[in-house]
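Have a look at model_16.csv below; it lists CSV, N, CA and C atoms.
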chain,number,residue,atom,x,y,z
A,887,PHE,N,-88.3,7.0,62.6
A,887,PHE,CA,-86.9,7.1,62.9
A,887,PHE,C,-86.2,8.0,61.8
A,888,SER,N,-85.5,9.0,62.3
A,888,SER,CA,-84.7,9.8,61.3
A,888,SER,C,-83.3,9.9,61.8
A,889,ALA,N,-82.4,9.8,60.9
A,889,ALA,CA,-81.0,9.8,61.2
A,889,ALA,C,-80.6,11.3,61.4
A,890,ARG,N,-79.8,11.5,62.5
A,890,ARG,CA,-79.3,12.9,62.8
A,890,ARG,C,-78.1,13.1,62.0
A,891,PRO,N,-77.9,14.3,61.5
A,891,PRO,CA,-76.6,14.6,60.8
A,891,PRO,C,-75.4,14.5,61.8
A,892,PRO,N,-74.2,14.3,61.2
A,892,PRO,CA,-73.1,14.2,62.1
A,892,PRO,C,-72.8,15.5,62.8
A,893,SER,N,-72.3,15.5,64.0
A,893,SER,CA,-71.9,16.7,64.6
A,893,SER,C,-70.7,17.4,63.9
A,894,PRO,N,-70.5,18.6,64.1
A,894,PRO,CA,-69.4,19.3,63.5
A,894,PRO,C,-68.1,18.6,63.9
A,895,SER,N,-68.0,18.1,65.1
A,895,SER,CA,-66.8,17.4,65.6
A,895,SER,C,-66.6,16.1,64.9
A,896,ALA,N,-67.6,15.4,64.3
A,896,ALA,CA,-67.4,14.2,63.6
A,896,ALA,C,-66.8,14.5,62.2
A,897,ALA,N,-67.1,15.7,61.7
A,897,ALA,CA,-66.6,16.0,60.3
A,897,ALA,C,-65.1,16.5,60.4
A,898,GLU,N,-64.7,17.0,61.6
A,898,GLU,CA,-63.4,17.6,61.7
A,898,GLU,C,-62.2,16.6,61.3
A,899,PRO,N,-62.2,15.4,61.8
A,899,PRO,CA,-61.1,14.5,61.4
A,899,PRO,C,-61.1,14.2,59.9
A,900,VAL,N,-62.3,14.1,59.4
A,900,VAL,CA,-62.4,13.8,57.9
A,900,VAL,C,-61.8,15.0,57.1
A,901,ILE,N,-62.2,16.2,57.5
A,901,ILE,CA,-61.7,17.3,56.8
A,901,ILE,C,-60.2,17.5,56.9
A,902,HIS,N,-59.7,17.2,58.1
A,902,HIS,CA,-58.3,17.3,58.3
A,902,HIS,C,-57.5,16.2,57.5
A,903,LYS,N,-58.1,15.0,57.4
A,903,LYS,CA,-57.5,14.0,56.6
A,903,LYS,C,-57.4,14.4,55.2
A,904,ALA,N,-58.5,14.9,54.7
A,904,ALA,CA,-58.5,15.4,53.3
A,904,ALA,C,-57.5,16.5,53.0
A,905,LEU,N,-57.4,17.4,54.0
A,905,LEU,CA,-56.4,18.5,53.8
A,905,LEU,C,-55.0,17.9,53.9
A,906,ASP,N,-54.7,17.0,54.8
A,906,ASP,CA,-53.4,16.3,54.8
A,906,ASP,C,-53.1,15.6,53.5
A,907,ASP,N,-54.1,14.8,53.0
A,907,ASP,CA,-53.9,14.0,51.8
A,907,ASP,C,-53.6,14.9,50.6
A,908,LEU,N,-54.2,16.1,50.6
A,908,LEU,CA,-54.0,17.0,49.4
A,908,LEU,C,-53.0,18.2,49.7
A,909,ALA,N,-52.3,18.1,50.8
A,909,ALA,CA,-51.4,19.2,51.1
A,909,ALA,C,-50.5,19.7,50.0
A,910,ASP,N,-49.9,18.8,49.3
A,910,ASP,CA,-49.0,19.1,48.2
A,910,ASP,C,-49.7,19.9,47.1
A,911,SER,N,-50.9,19.6,46.8
A,911,SER,CA,-51.6,20.2,45.7
A,911,SER,C,-52.4,21.5,46.1
A,912,LEU,N,-52.5,21.8,47.4
A,912,LEU,CA,-53.2,22.9,47.9
A,912,LEU,C,-52.3,24.0,48.3
A,913,THR,N,-51.3,24.3,47.6
A,913,THR,CA,-50.3,25.3,48.0
A,913,THR,C,-50.8,26.7,48.0
A,914,ASP,N,-51.8,27.0,47.2
A,914,ASP,CA,-52.3,28.4,47.2
A,914,ASP,C,-53.6,28.5,48.0
A,915,ALA,N,-53.9,27.5,48.8
A,915,ALA,CA,-55.2,27.5,49.6
A,915,ALA,C,-55.0,28.0,51.0
A,916,THR,N,-56.1,28.6,51.6
A,916,THR,CA,-56.1,28.9,53.0
A,916,THR,C,-57.4,28.3,53.6
A,917,PHE,N,-57.2,27.5,54.6
A,917,PHE,CA,-58.3,26.9,55.3
A,917,PHE,C,-58.6,27.7,56.5
A,918,VAL,N,-59.9,28.1,56.7
A,918,VAL,CA,-60.3,28.8,57.8
A,918,VAL,C,-61.5,28.1,58.5
A,919,HIS,N,-61.3,27.8,59.8
A,919,HIS,CA,-62.3,27.1,60.6
A,919,HIS,C,-63.0,28.2,61.5
A,920,VAL,N,-64.3,28.3,61.3
A,920,VAL,CA,-65.1,29.4,62.0
A,920,VAL,C,-66.2,28.7,62.8
A,921,GLY,N,-66.2,29.0,64.1
A,921,GLY,CA,-67.2,28.5,65.0
A,921,GLY,C,-68.5,29.4,64.8
A,922,VAL,N,-69.6,28.8,64.9
A,922,VAL,CA,-70.9,29.6,64.7
A,922,VAL,C,-71.6,29.9,66.0
A,923,GLY,N,-71.0,29.5,67.1
A,923,GLY,CA,-71.5,29.8,68.4
A,923,GLY,C,-72.3,28.6,69.0
A,924,GLU,N,-72.8,28.8,70.2
A,924,GLU,CA,-73.7,27.8,70.8
A,924,GLU,C,-75.0,27.6,70.1
A,925,ARG,N,-75.6,26.5,70.3
A,925,ARG,CA,-76.9,26.2,69.6
A,925,ARG,C,-77.9,27.3,69.6
A,926,PRO,N,-78.2,27.9,70.7
A,926,PRO,CA,-79.2,29.0,70.7
A,926,PRO,C,-78.8,30.2,69.7
A,927,VAL,N,-77.6,30.5,69.7
A,927,VAL,CA,-77.1,31.5,68.8
A,927,VAL,C,-77.3,31.1,67.3
A,928,TRP,N,-76.8,29.9,67.0
A,928,TRP,CA,-76.9,29.3,65.7
A,928,TRP,C,-78.3,29.2,65.2
A,929,LYS,N,-79.2,28.8,66.1
A,929,LYS,CA,-80.6,28.5,65.7
A,929,LYS,C,-81.4,29.8,65.5
A,930,ASP,N,-80.9,30.9,65.9
A,930,ASP,CA,-81.6,32.2,65.7
A,930,ASP,C,-81.6,32.5,64.2
A,931,PRO,N,-82.8,32.7,63.7
A,931,PRO,CA,-82.9,33.0,62.2
A,931,PRO,C,-82.2,34.3,61.8
A,932,GLU,N,-81.9,35.1,62.8
A,932,GLU,CA,-81.1,36.4,62.5
A,932,GLU,C,-79.6,36.2,62.7
A,933,CYS,N,-79.2,35.0,63.0
A,933,CYS,CA,-77.7,34.7,63.1
A,933,CYS,C,-77.0,35.2,61.9
A,934,PRO,N,-75.9,36.0,62.1
A,934,PRO,CA,-75.2,36.5,61.0
A,934,PRO,C,-74.7,35.5,60.0
A,935,PHE,N,-74.4,34.3,60.4
A,935,PHE,CA,-74.0,33.2,59.5
A,935,PHE,C,-75.1,32.8,58.6
A,936,ARG,N,-76.3,32.9,59.1
A,936,ARG,CA,-77.5,32.6,58.2
A,936,ARG,C,-77.9,33.7,57.3
A,937,THR,N,-77.7,35.0,57.7
A,937,THR,CA,-78.1,36.1,56.9
A,937,THR,C,-77.1,36.8,56.1
A,938,HIS,N,-75.8,36.5,56.3
A,938,HIS,CA,-74.8,37.1,55.5
A,938,HIS,C,-75.0,36.7,54.0
A,939,PRO,N,-75.0,37.7,53.1
A,939,PRO,CA,-75.3,37.4,51.7
A,939,PRO,C,-74.4,36.4,51.0
A,940,GLU,N,-73.2,36.3,51.4
A,940,GLU,CA,-72.2,35.4,50.8
A,940,GLU,C,-72.2,34.0,51.5
A,941,LEU,N,-72.7,34.0,52.7
A,941,LEU,CA,-72.7,32.7,53.4
A,941,LEU,C,-74.0,32.0,53.4
A,942,ARG,N,-75.0,32.6,53.9
A,942,ARG,CA,-76.3,32.0,54.0
A,942,ARG,C,-76.3,30.5,54.4
A,943,LEU,N,-75.6,30.3,55.5
A,943,LEU,CA,-75.5,28.9,56.0
A,943,LEU,C,-76.9,28.4,56.4
A,944,THR,N,-77.1,27.1,56.1
A,944,THR,CA,-78.4,26.5,56.5
A,944,THR,C,-78.2,25.3,57.4
A,945,ALA,N,-76.9,24.9,57.5
A,945,ALA,CA,-76.6,23.7,58.3
A,945,ALA,C,-75.2,23.8,58.9
A,946,VAL,N,-75.0,23.0,59.9
A,946,VAL,CA,-73.7,22.9,60.5
A,946,VAL,C,-73.4,21.4,60.7
A,947,PRO,N,-72.3,20.9,60.2
A,947,PRO,CA,-71.2,21.7,59.6
A,947,PRO,C,-71.4,22.0,58.1
A,948,THR,N,-70.7,23.0,57.7
A,948,THR,CA,-70.7,23.4,56.3
A,948,THR,C,-69.3,23.6,55.9
A,949,LEU,N,-68.9,23.1,54.7
A,949,LEU,CA,-67.6,23.3,54.2
A,949,LEU,C,-67.8,24.0,52.8
A,950,CYS,N,-67.2,25.2,52.6
A,950,CYS,CA,-67.5,25.9,51.4
A,950,CYS,C,-66.2,26.4,50.8
A,951,LEU,N,-66.2,26.6,49.5
A,951,LEU,CA,-65.1,27.2,48.8
A,951,LEU,C,-65.5,28.7,48.6
A,952,TRP,N,-64.9,29.6,49.3
A,952,TRP,CA,-65.3,31.0,49.3
A,952,TRP,C,-65.2,31.6,47.9
A,953,GLY,N,-66.3,32.3,47.6
A,953,GLY,CA,-66.4,33.0,46.3
A,953,GLY,C,-67.0,32.1,45.3
A,954,THR,N,-67.4,30.9,45.6
A,954,THR,CA,-68.1,30.0,44.7
A,954,THR,C,-69.3,29.5,45.4
A,955,PRO,N,-70.2,28.9,44.6
A,955,PRO,CA,-71.4,28.3,45.2
A,955,PRO,C,-71.2,26.9,45.7
A,956,LYS,N,-69.9,26.4,45.6
A,956,LYS,CA,-69.6,25.0,46.0
A,956,LYS,C,-69.5,24.9,47.5
A,957,ARG,N,-70.3,23.9,48.0
A,957,ARG,CA,-70.3,23.6,49.4
A,957,ARG,C,-70.8,22.2,49.7
A,958,LEU,N,-70.4,21.8,50.9
A,958,LEU,CA,-70.9,20.5,51.4
A,958,LEU,C,-71.5,20.8,52.8
A,959,VAL,N,-72.6,20.1,53.1
A,959,VAL,CA,-73.3,20.3,54.3
A,959,VAL,C,-73.5,19.0,55.1
A,960,GLU,N,-73.5,19.1,56.4
A,960,GLU,CA,-73.9,18.0,57.3
A,960,GLU,C,-73.1,16.7,56.9
A,961,ALA,N,-73.8,15.6,56.6
A,961,ALA,CA,-73.2,14.3,56.4
A,961,ALA,C,-72.2,14.4,55.2
A,962,GLN,N,-72.3,15.2,54.3
A,962,GLN,CA,-71.3,15.3,53.2
A,962,GLN,C,-70.0,15.7,53.7
A,963,CYS,N,-69.9,16.5,54.8
A,963,CYS,CA,-68.6,16.9,55.4
A,963,CYS,C,-67.9,15.8,56.1
A,964,ALA,N,-68.6,14.7,56.4
A,964,ALA,CA,-68.0,13.5,57.0
A,964,ALA,C,-67.7,12.4,56.0
A,965,ASP,N,-67.8,12.7,54.7
A,965,ASP,CA,-67.4,11.8,53.6
A,965,ASP,C,-66.1,12.3,53.0
A,966,VAL,N,-65.0,11.5,53.3
A,966,VAL,CA,-63.7,12.0,52.9
A,966,VAL,C,-63.6,12.1,51.3
A,967,ASP,N,-64.3,11.3,50.6
A,967,ASP,CA,-64.3,11.4,49.1
A,967,ASP,C,-64.9,12.7,48.6
A,968,MET,N,-66.0,13.0,49.2
A,968,MET,CA,-66.7,14.3,48.9
A,968,MET,C,-65.9,15.5,49.2
A,969,VAL,N,-65.3,15.4,50.4
A,969,VAL,CA,-64.4,16.6,50.8
A,969,VAL,C,-63.2,16.7,49.9
A,970,GLN,N,-62.6,15.6,49.6
A,970,GLN,CA,-61.5,15.7,48.6
A,970,GLN,C,-61.9,16.2,47.3
A,971,MET,N,-63.1,15.8,46.8
A,971,MET,CA,-63.5,16.3,45.5
A,971,MET,C,-63.8,17.8,45.5
A,972,LEU,N,-64.3,18.3,46.6
A,972,LEU,CA,-64.6,19.7,46.8
A,972,LEU,C,-63.2,20.5,46.8
A,973,LEU,N,-62.3,20.0,47.5
A,973,LEU,CA,-61.0,20.6,47.7
A,973,LEU,C,-60.1,20.6,46.4
A,974,GLU,N,-60.3,19.5,45.6
A,974,GLU,CA,-59.5,19.4,44.4
A,974,GLU,C,-60.0,20.3,43.3
A,975,ASP,N,-61.2,20.9,43.3
A,975,ASP,CA,-61.6,21.8,42.3
A,975,ASP,C,-60.8,23.0,42.2
Give the structure from the file, written as structure tokens.
Amino acid sequence: FSARPPSPSAAEPVIHKALDDLADSLTDATFVHVGVGERPVWKDPECPFRTHPELRLTAVPTLCLWGTPKRLVEAQCADVDMVQMLLED
């Protein structure tokens, strides 16, 4: 038995809650939600999200701070404490 990671839709309310909770302190931040396409597109090893030198995504969902190596993947994106820690940096 192996646990499947949460779907991107499971992480969305957690991320939105963290953004709402931190709204006053994130005055200089911009949040961008980007869809990676249907499963066959995403699973293609040549998918631009996988091959882009600054992204190199390995899992969906992924939450990253652009321009830094800081990121959360899969189940981490559904943990409100981890999302808040990432956003507070």
Find the distance between atom CA of A:Cys950 and atom CA of A:Val966 and write it in Å to one decimal. 14.5 Å
From A:Ile901, A:Ala896, A:Ala915, A:Met971, residue lying nearest A:Leu949 [only C-alpha atoms]: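 Smallest separation from A:Leu949 among the options: A:Ile901.
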Long-range neighbours of A:Val969 as an MDAnalysis selection string, 6.5 Å cut-off, all atoms listed in the file, 6 positions minimum in chain: chainID A and resid 904 962:963
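Here the question is which of A:Glu932, A:Asp906, A:Glu940, A:Glu898 gets nearest to A:Ala961 using only C-alpha atoms, and that residue is A:Glu898.
Coordinates place atom CA of A:Thr916 at a distance of 12.7 Å from atom N of A:Glu974.
For the pair atom CA of A:Pro947 and atom CA of A:Glu924, the separation is 13.0 Å.
Candidate residues A:Asp930, A:Thr954, A:Leu973, A:Val946 were compared for distance to A:Thr913, and the nearest is A:Leu973, using only C-alpha atoms.
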Export stretch 896-972 of chain A, C-alpha atoms, as a CSV table (one decimal), in the first residue's frame; it's the structure right above.
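Result saved to out-v5.csv:
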chain,number,residue,atom,x,y,z
A,896,ALA,CA,-6.6,19.5,-2.4
A,897,ALA,CA,-3.8,21.9,-1.9
A,898,GLU,CA,-5.6,24.9,-3.3
A,899,PRO,CA,-7.8,25.7,-0.3
A,900,VAL,CA,-4.8,25.3,2.0
A,901,ILE,CA,-2.7,27.7,-0.1
A,902,HIS,CA,-5.6,30.2,-0.3
A,903,LYS,CA,-6.0,30.0,3.5
A,904,ALA,CA,-2.3,30.7,4.1
A,905,LEU,CA,-2.4,33.6,1.6
A,906,ASP,CA,-5.5,35.1,3.4
A,907,ASP,CA,-3.9,34.6,6.8
A,908,LEU,CA,-0.7,36.4,5.7
A,909,ALA,CA,-2.4,39.0,3.5
A,910,ASP,CA,-1.2,42.0,5.7
A,911,SER,CA,2.4,40.9,5.6
A,912,LEU,CA,2.6,39.9,1.9
A,913,THR,CA,2.1,43.4,0.6
A,914,ASP,CA,5.0,43.1,-1.9
A,915,ALA,CA,4.1,39.6,-3.1
A,916,THR,CA,2.5,38.4,-6.3
A,917,PHE,CA,0.9,35.0,-6.3
A,918,VAL,CA,0.7,33.2,-9.7
A,919,HIS,CA,-1.3,30.0,-10.3
A,920,VAL,CA,-0.2,28.2,-13.4
A,921,GLY,CA,-1.8,25.0,-14.7
A,922,VAL,CA,0.6,22.4,-16.1
A,923,GLY,CA,-1.9,20.8,-18.5
A,924,GLU,CA,-3.7,17.5,-18.7
A,925,ARG,CA,-1.9,14.4,-17.2
A,926,PRO,CA,-0.4,13.2,-20.6
A,927,VAL,CA,1.1,16.6,-21.2
A,928,TRP,CA,2.5,16.9,-17.6
A,929,LYS,CA,3.9,13.3,-17.7
A,930,ASP,CA,5.9,13.9,-20.9
A,931,PRO,CA,9.6,14.1,-19.9
A,932,GLU,CA,9.9,17.0,-22.4
A,933,CYS,CA,7.1,19.1,-20.7
A,934,PRO,CA,8.4,22.7,-20.5
A,935,PHE,CA,7.6,22.8,-16.8
A,936,ARG,CA,10.0,19.8,-16.3
A,937,THR,CA,12.7,21.1,-18.5
A,938,HIS,CA,12.7,24.9,-17.9
A,939,PRO,CA,16.1,25.6,-16.1
A,940,GLU,CA,14.5,27.8,-13.4
A,941,LEU,CA,11.5,25.5,-12.8
A,942,ARG,CA,12.4,21.9,-13.2
A,943,LEU,CA,9.2,20.7,-11.6
A,944,THR,CA,9.2,17.1,-10.5
A,945,ALA,CA,5.7,16.9,-8.9
A,946,VAL,CA,2.3,18.5,-9.0
A,947,PRO,CA,1.3,20.5,-7.0
A,948,THR,CA,4.4,22.5,-6.4
A,949,LEU,CA,4.6,25.9,-4.6
A,950,CYS,CA,7.8,27.8,-5.1
A,951,LEU,CA,9.3,31.2,-4.3
A,952,TRP,CA,10.5,32.4,-7.7
A,953,GLY,CA,14.2,33.2,-7.8
A,954,THR,CA,15.0,31.0,-4.8
A,955,PRO,CA,15.4,27.2,-4.4
A,956,LYS,CA,12.6,27.2,-1.8
A,957,ARG,CA,9.7,25.0,-2.8
A,958,LEU,CA,7.0,22.7,-1.4
A,959,VAL,CA,5.8,19.7,-3.4
A,960,GLU,CA,2.8,17.3,-3.2
A,961,ALA,CA,1.7,16.7,0.4
A,962,GLN,CA,3.7,19.6,1.7
A,963,CYS,CA,1.4,22.0,-0.3
A,964,ALA,CA,-1.6,20.6,1.7
A,965,ASP,CA,0.0,21.4,5.1
A,966,VAL,CA,-1.0,25.0,6.0
A,967,ASP,CA,1.9,25.3,8.5
A,968,MET,CA,4.5,24.5,5.8
A,969,VAL,CA,2.8,26.8,3.3
A,970,GLN,CA,2.8,29.7,5.8
A,971,MET,CA,6.5,29.1,6.7
A,972,LEU,CA,7.4,29.2,3.0
